Structure formats: C-alpha cells, structure tokens
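Comments concern the structure below.
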Amino acid sequence: MEQARGAARTRADTPALLKGLLYGPDGAAFSPTHTRKGDRLYRYYVSQTVLKHGAGKCPVARVPAAEIEAAVIDQIRGMLRAPEVVVASWRAAQPECEGLQEDEVREALAALDPLWAELFPAEQARIVQLLIKRVDIGTDGLRLRFRDKGLAQMVAEVGIMNGKGQKAA
C-alpha cells in the first residue's frame, strides 16, 4: 500500500504540461509517463497506440517530455510576439475588459515570456490548456492548434489584474 501512495505522489509531483493535448500521426492521444534510473526521473509522453498494440504500430512511439514541452512553449512565445496576434487579442478582449489599450496587451503578452520560468507548474499548465486546443506530432514536426478565445481570455485576465474593470455580466 505504501508503494501505491508513493507512485500516486510521484505522478502528482510530475508536471505534465501537455496532458490531454498531444496526439500522434495516427490520431491517438499521448499519455504522460515517467521512469526512474537511480535518483534520476525521466519524463516522456507515450502513444496510446503503442501502449495498446506495441512499439511498431506508430511512427512516433514516445517523445521526451522536456523536449516536446520546450518546443511547444517556444511556439507559444513566438505567437505572443506576433503583432497581428497582439491586435487580434486586444480586439477580442475589448468586450470583457473596457478601456484596455493595445499597448497594455502588448506589454502583458511580452511580460509573460520572462515570467514563464517563475510560474508554478500548475499555472504553466493552466495557461497552456487555455491557449492550446491540440498539439499534433508527426515525423515531420509539430502543429499547434490554438483555442480561438484562449488568448483573449488570458488578455482579459491580465487586464483585470492590472486594474481594468470587467464588464458587468
């Protein structure tokens, strides 16, 4: 029984940033998992196809968690810097956050980049879940599908935290 509690605690302490978001070339979901070698923890995502049918059944069987998560975060960071994304986010957040200015949106999105490493893993995961609908991984790379309203919601939250009033519901 003690070993089961220890395994549950390890899973709870192991951040899985892309849990429920990562899919392989065959459309099957990837699940976060890990293994230990001595005191070292190795995290990765493994295809459900591989878990159910064996390693040869999927061209992308498993991926190291740190590498795939870093690649997704890099793509998010690039998106947050794009001028057209700033303008679209500002426009989408207007109904939720009256008086929010475009430069405030630009500053809020730019501020997220250097703060990312300081956020708790749970908050990082919440932001990723808010922004990303799905991550498709194939032999030719990654494709992120963003949530239409995710960035606007994040901008509205930042605007509210900066003292802009939310529209009455």
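Chains: A, B, ... in order of the structure tokens. Residues: from 1 per chain. Ligands: from 1, in order shown.
Near region 82-87 of chain A, within 9 Å and counting only C-alpha atoms, sit Ala92, Glu102, Asp103, Val105, Arg106, Leu109 and Leu151 of chain A; same-chain residues fewer than 5 positions away were not included.
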Restricting the output to N, CA and C atoms, write the selected residues as a PDB file, in the first residue's frame.
```
ATOM      1  N   ALA A  92     -10.336  41.129 -29.350  1.00  0.00           N
ATOM      2  CA  ALA A  92     -11.164  40.071 -28.766  1.00  0.00           C
ATOM      3  C   ALA A  92     -11.422  40.311 -27.283  1.00  0.00           C
ATOM      4  N   GLU A 102      -4.276  48.789 -26.542  1.00  0.00           N
ATOM      5  CA  GLU A 102      -3.444  47.860 -27.315  1.00  0.00           C
ATOM      6  C   GLU A 102      -2.037  47.740 -26.729  1.00  0.00           C
ATOM      7  N   ASP A 103      -1.442  48.857 -26.314  1.00  0.00           N
ATOM      8  CA  ASP A 103      -0.091  48.787 -25.748  1.00  0.00           C
ATOM      9  C   ASP A 103      -0.069  48.005 -24.435  1.00  0.00           C
ATOM     10  N   VAL A 105      -1.964  45.381 -23.842  1.00  0.00           N
ATOM     11  CA  VAL A 105      -1.992  43.982 -24.275  1.00  0.00           C
ATOM     12  C   VAL A 105      -0.593  43.557 -24.709  1.00  0.00           C
ATOM     13  N   ARG A 106       0.079  44.390 -25.491  1.00  0.00           N
ATOM     14  CA  ARG A 106       1.430  44.091 -25.956  1.00  0.00           C
ATOM     15  C   ARG A 106       2.363  43.889 -24.759  1.00  0.00           C
ATOM     16  N   LEU A 109       1.498  40.580 -22.839  1.00  0.00           N
ATOM     17  CA  LEU A 109       1.964  39.388 -23.544  1.00  0.00           C
ATOM     18  C   LEU A 109       3.490  39.293 -23.507  1.00  0.00           C
ATOM     19  N   LEU A 151      -6.552  33.162 -25.974  1.00  0.00           N
ATOM     20  CA  LEU A 151      -5.667  34.317 -25.818  1.00  0.00           C
ATOM     21  C   LEU A 151      -6.453  35.533 -25.349  1.00  0.00           C
TER      22      LEU A 151
END
```
### Message
From a backbone DSSP assignment, name each residue in chain A labelled strand (DSSP E), as a ChimeraX atom specification.
### Response
/A:22-23,30-37,40-47,62-64,132-138,141-146
Can I get the selection written as a short mmCIF file (atom, residue, chain, number, x, y, z; two decimals), in the first residue's frame, with N, CA and C atoms?
```
data_model
loop_
_atom_site.label_atom_id
_atom_site.label_comp_id
_atom_site.auth_asym_id
_atom_site.auth_seq_id
_atom_site.Cartn_x
_atom_site.Cartn_y
_atom_site.Cartn_z
N LEU A 22 -1.69 16.27 -26.56
CA LEU A 22 -0.73 15.74 -27.52
C LEU A 22 -1.29 14.51 -28.24
N TYR A 23 -1.22 14.55 -29.61
CA TYR A 23 -1.74 13.47 -30.44
C TYR A 23 -0.72 13.09 -31.50
N PHE A 30 -1.44 10.89 -26.68
CA PHE A 30 -0.21 10.54 -25.96
C PHE A 30 -0.47 10.76 -24.49
N SER A 31 0.04 9.89 -23.66
CA SER A 31 -0.12 9.99 -22.22
C SER A 31 1.22 10.28 -21.56
N PRO A 32 1.19 11.14 -20.53
CA PRO A 32 2.44 11.38 -19.80
C PRO A 32 2.79 10.18 -18.94
N THR A 33 4.07 9.90 -18.88
CA THR A 33 4.55 8.83 -18.01
C THR A 33 6.00 9.15 -17.64
N HIS A 34 6.57 8.32 -16.83
CA HIS A 34 7.96 8.54 -16.42
C HIS A 34 8.58 7.23 -15.98
N THR A 35 9.88 7.26 -15.87
CA THR A 35 10.63 6.14 -15.33
C THR A 35 11.77 6.71 -14.49
N ARG A 36 12.28 5.91 -13.62
CA ARG A 36 13.41 6.33 -12.78
C ARG A 36 14.61 5.44 -13.06
N LYS A 37 15.75 6.08 -13.02
CA LYS A 37 17.01 5.33 -13.08
C LYS A 37 17.85 5.90 -11.95
N ARG A 40 17.41 9.65 -10.70
CA ARG A 40 17.03 10.49 -11.83
C ARG A 40 15.63 10.11 -12.36
N LEU A 41 14.81 11.13 -12.61
CA LEU A 41 13.47 10.93 -13.16
C LEU A 41 13.49 11.29 -14.64
N TYR A 42 13.00 10.41 -15.48
CA TYR A 42 12.90 10.65 -16.91
C TYR A 42 11.43 10.69 -17.28
N ARG A 43 10.98 11.87 -17.76
CA ARG A 43 9.57 12.02 -18.15
C ARG A 43 9.45 11.94 -19.66
N TYR A 44 8.36 11.36 -20.11
CA TYR A 44 8.10 11.31 -21.55
C TYR A 44 6.61 11.11 -21.78
N TYR A 45 6.21 11.27 -23.03
CA TYR A 45 4.83 11.03 -23.45
C TYR A 45 4.86 9.82 -24.37
N VAL A 46 3.91 8.91 -24.18
CA VAL A 46 3.87 7.68 -24.97
C VAL A 46 2.51 7.57 -25.65
N SER A 47 2.53 7.09 -26.88
CA SER A 47 1.32 6.95 -27.68
C SER A 47 0.42 5.85 -27.12
N ARG A 62 7.15 7.39 -28.68
CA ARG A 62 7.27 8.16 -27.44
C ARG A 62 8.20 9.33 -27.70
N VAL A 63 7.99 10.39 -26.92
CA VAL A 63 8.84 11.58 -27.05
C VAL A 63 9.24 12.05 -25.66
N PRO A 64 10.48 12.52 -25.51
CA PRO A 64 10.91 13.05 -24.21
C PRO A 64 10.06 14.27 -23.84
N ILE A 132 -3.95 26.38 -25.92
CA ILE A 132 -3.78 25.31 -26.91
C ILE A 132 -4.98 24.37 -26.90
N LYS A 133 -5.47 24.09 -28.07
CA LYS A 133 -6.56 23.13 -28.23
C LYS A 133 -6.00 21.73 -28.44
N ARG A 134 -4.91 21.66 -29.23
CA ARG A 134 -4.36 20.35 -29.58
C ARG A 134 -2.95 20.54 -30.13
N VAL A 135 -2.09 19.55 -29.86
CA VAL A 135 -0.74 19.51 -30.42
C VAL A 135 -0.62 18.19 -31.18
N ASP A 136 -0.41 18.31 -32.48
CA ASP A 136 -0.21 17.12 -33.31
C ASP A 136 1.28 16.95 -33.57
N ILE A 137 1.77 15.75 -33.29
CA ILE A 137 3.18 15.45 -33.51
C ILE A 137 3.28 14.38 -34.59
N GLY A 138 4.20 14.60 -35.51
CA GLY A 138 4.42 13.64 -36.58
C GLY A 138 5.89 13.49 -36.84
N GLY A 141 7.42 16.96 -37.58
CA GLY A 141 7.40 18.06 -36.62
C GLY A 141 6.08 18.21 -35.88
N LEU A 142 5.88 19.42 -35.36
CA LEU A 142 4.71 19.74 -34.53
C LEU A 142 3.76 20.68 -35.24
N ARG A 143 2.49 20.55 -34.89
CA ARG A 143 1.49 21.51 -35.35
C ARG A 143 0.60 21.83 -34.16
N LEU A 144 0.55 23.10 -33.78
CA LEU A 144 -0.28 23.54 -32.66
C LEU A 144 -1.58 24.10 -33.18
N ARG A 145 -2.66 23.74 -32.53
CA ARG A 145 -3.97 24.32 -32.81
C ARG A 145 -4.35 25.15 -31.58
N PHE A 146 -4.46 26.44 -31.81
CA PHE A 146 -4.76 27.36 -30.71
C PHE A 146 -6.26 27.47 -30.49
#
```
### Task
Write out as number ranges by chain the residues lying within 10 Å of Ala93 (chain A), counting only C-alpha atoms and excluding same-chain residues fewer than 3 positions away.
A: 87-90, 96-98, 100-101, 105, 149, 151-157, 159
Set out as a Markdown table a contact list for region 18-48 of chain A and region 52-58 of chain A with a cut-off of 10 Å, giving each residue of region 18-48 of chain A that qualifies its closest atom pair and distance in Å to one decimal, counting only C-alpha atoms, ordered by chain and rising residue number.
```
| residue | atom | partner | partner_atom | distance |
| --- | --- | --- | --- | --- |
| A:Gly24 | CA | A:Cys58 | CA | 8.0 |
| A:Pro25 | CA | A:Cys58 | CA | 7.8 |
| A:Asp26 | CA | A:Cys58 | CA | 7.2 |
| A:Ala28 | CA | A:Cys58 | CA | 9.2 |
| A:Val46 | CA | A:Ala55 | CA | 9.8 |
| A:Ser47 | CA | A:Cys58 | CA | 7.6 |
| A:Gln48 | CA | A:Lys52 | CA | 6.1 |
```
### Message
Could you pull out the alpha helix (DSSP H) residues of region 99-153 of chain A, going by DSSP on the backbone, and write them as an MDAnalysis selection string?
### Response
chainID A and resid 102:115 121:131 150:153
Using N, CA and C atoms, can you export the residues from the last selection as a CSV table (one decimal), in the first residue's frame?
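out.csv, written as the output of this step:
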```csv
chain,number,residue,atom,x,y,z
A,102,GLU,N,-4.3,48.8,-26.5
A,102,GLU,CA,-3.4,47.9,-27.3
A,102,GLU,C,-2.0,47.7,-26.7
A,103,ASP,N,-1.4,48.9,-26.3
A,103,ASP,CA,-0.1,48.8,-25.7
A,103,ASP,C,-0.1,48.0,-24.4
A,104,GLU,N,-1.2,48.0,-23.7
A,104,GLU,CA,-1.3,47.2,-22.4
A,104,GLU,C,-1.3,45.7,-22.8
A,105,VAL,N,-2.0,45.4,-23.8
A,105,VAL,CA,-2.0,44.0,-24.3
A,105,VAL,C,-0.6,43.6,-24.7
A,106,ARG,N,0.1,44.4,-25.5
A,106,ARG,CA,1.4,44.1,-26.0
A,106,ARG,C,2.4,43.9,-24.8
A,107,GLU,N,2.3,44.8,-23.8
A,107,GLU,CA,3.1,44.7,-22.6
A,107,GLU,C,2.8,43.4,-21.8
A,108,ALA,N,1.5,43.1,-21.6
A,108,ALA,CA,1.1,41.9,-20.9
A,108,ALA,C,1.6,40.7,-21.5
A,109,LEU,N,1.5,40.6,-22.8
A,109,LEU,CA,2.0,39.4,-23.5
A,109,LEU,C,3.5,39.3,-23.5
A,110,ALA,N,4.2,40.4,-23.6
A,110,ALA,CA,5.6,40.4,-23.6
A,110,ALA,C,6.1,40.1,-22.2
A,111,ALA,N,5.4,40.5,-21.1
A,111,ALA,CA,5.8,40.2,-19.8
A,111,ALA,C,5.7,38.7,-19.4
A,112,LEU,N,4.8,38.0,-20.1
A,112,LEU,CA,4.6,36.6,-19.8
A,112,LEU,C,5.9,35.8,-20.1
A,113,ASP,N,6.6,36.2,-21.2
A,113,ASP,CA,7.8,35.5,-21.6
A,113,ASP,C,8.8,35.3,-20.5
A,114,PRO,N,9.3,36.4,-20.0
A,114,PRO,CA,10.4,36.3,-18.9
A,114,PRO,C,9.8,35.7,-17.6
A,115,LEU,N,8.5,35.8,-17.4
A,115,LEU,CA,8.0,35.3,-16.1
A,115,LEU,C,7.7,33.8,-16.2
A,121,PRO,N,4.3,25.1,-11.9
A,121,PRO,CA,3.9,24.2,-13.0
A,121,PRO,C,2.4,24.1,-13.2
A,122,ALA,N,1.6,24.2,-12.2
A,122,ALA,CA,0.2,24.2,-12.3
A,122,ALA,C,-0.3,25.4,-13.1
A,123,GLU,N,0.3,26.6,-12.9
A,123,GLU,CA,-0.1,27.8,-13.6
A,123,GLU,C,0.3,27.7,-15.0
A,124,GLN,N,1.5,27.2,-15.3
A,124,GLN,CA,2.0,27.0,-16.6
A,124,GLN,C,1.0,26.1,-17.4
A,125,ALA,N,0.7,25.0,-16.7
A,125,ALA,CA,-0.3,24.0,-17.4
A,125,ALA,C,-1.6,24.7,-17.7
A,126,ARG,N,-2.1,25.5,-16.7
A,126,ARG,CA,-3.4,26.2,-16.9
A,126,ARG,C,-3.3,27.1,-18.2
A,127,ILE,N,-2.2,27.9,-18.3
A,127,ILE,CA,-2.0,28.8,-19.4
A,127,ILE,C,-2.0,28.0,-20.7
A,128,VAL,N,-1.2,26.9,-20.7
A,128,VAL,CA,-1.1,26.1,-21.9
A,128,VAL,C,-2.5,25.5,-22.3
A,129,GLN,N,-3.2,25.0,-21.3
A,129,GLN,CA,-4.6,24.5,-21.6
A,129,GLN,C,-5.5,25.6,-22.1
A,130,LEU,N,-5.3,26.8,-21.6
A,130,LEU,CA,-6.2,27.9,-22.0
A,130,LEU,C,-5.9,28.3,-23.5
A,131,LEU,N,-4.6,28.3,-23.9
A,131,LEU,CA,-4.2,28.7,-25.2
A,131,LEU,C,-4.2,27.6,-26.3
A,150,GLY,N,-8.9,31.6,-26.3
A,150,GLY,CA,-8.0,31.4,-25.2
A,150,GLY,C,-7.1,32.6,-24.9
A,151,LEU,N,-6.6,33.2,-26.0
A,151,LEU,CA,-5.7,34.3,-25.8
A,151,LEU,C,-6.5,35.5,-25.3
A,152,ALA,N,-7.7,35.7,-25.9
A,152,ALA,CA,-8.5,36.8,-25.5
A,152,ALA,C,-8.8,36.7,-24.0
A,153,GLN,N,-9.1,35.5,-23.5
A,153,GLN,CA,-9.4,35.3,-22.1
A,153,GLN,C,-8.2,35.6,-21.2
```
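Each of A:Phe120, A:Pro95, A:Ala61, A:Thr49 was checked against Leu17 (chain A) using only C-alpha atoms; the smallest atom-to-atom distance is that of A:Phe120.
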#### Entry: Interatomic distance, CA of Asp140 (chain A) to CA of Pro59 (chain A) (Å, one decimal)
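The value is 10.7 Å.
The interatomic distance for the pair CA of Arg147 (chain A) and CA of Ile76 (chain A) works out to 11.9 Å.
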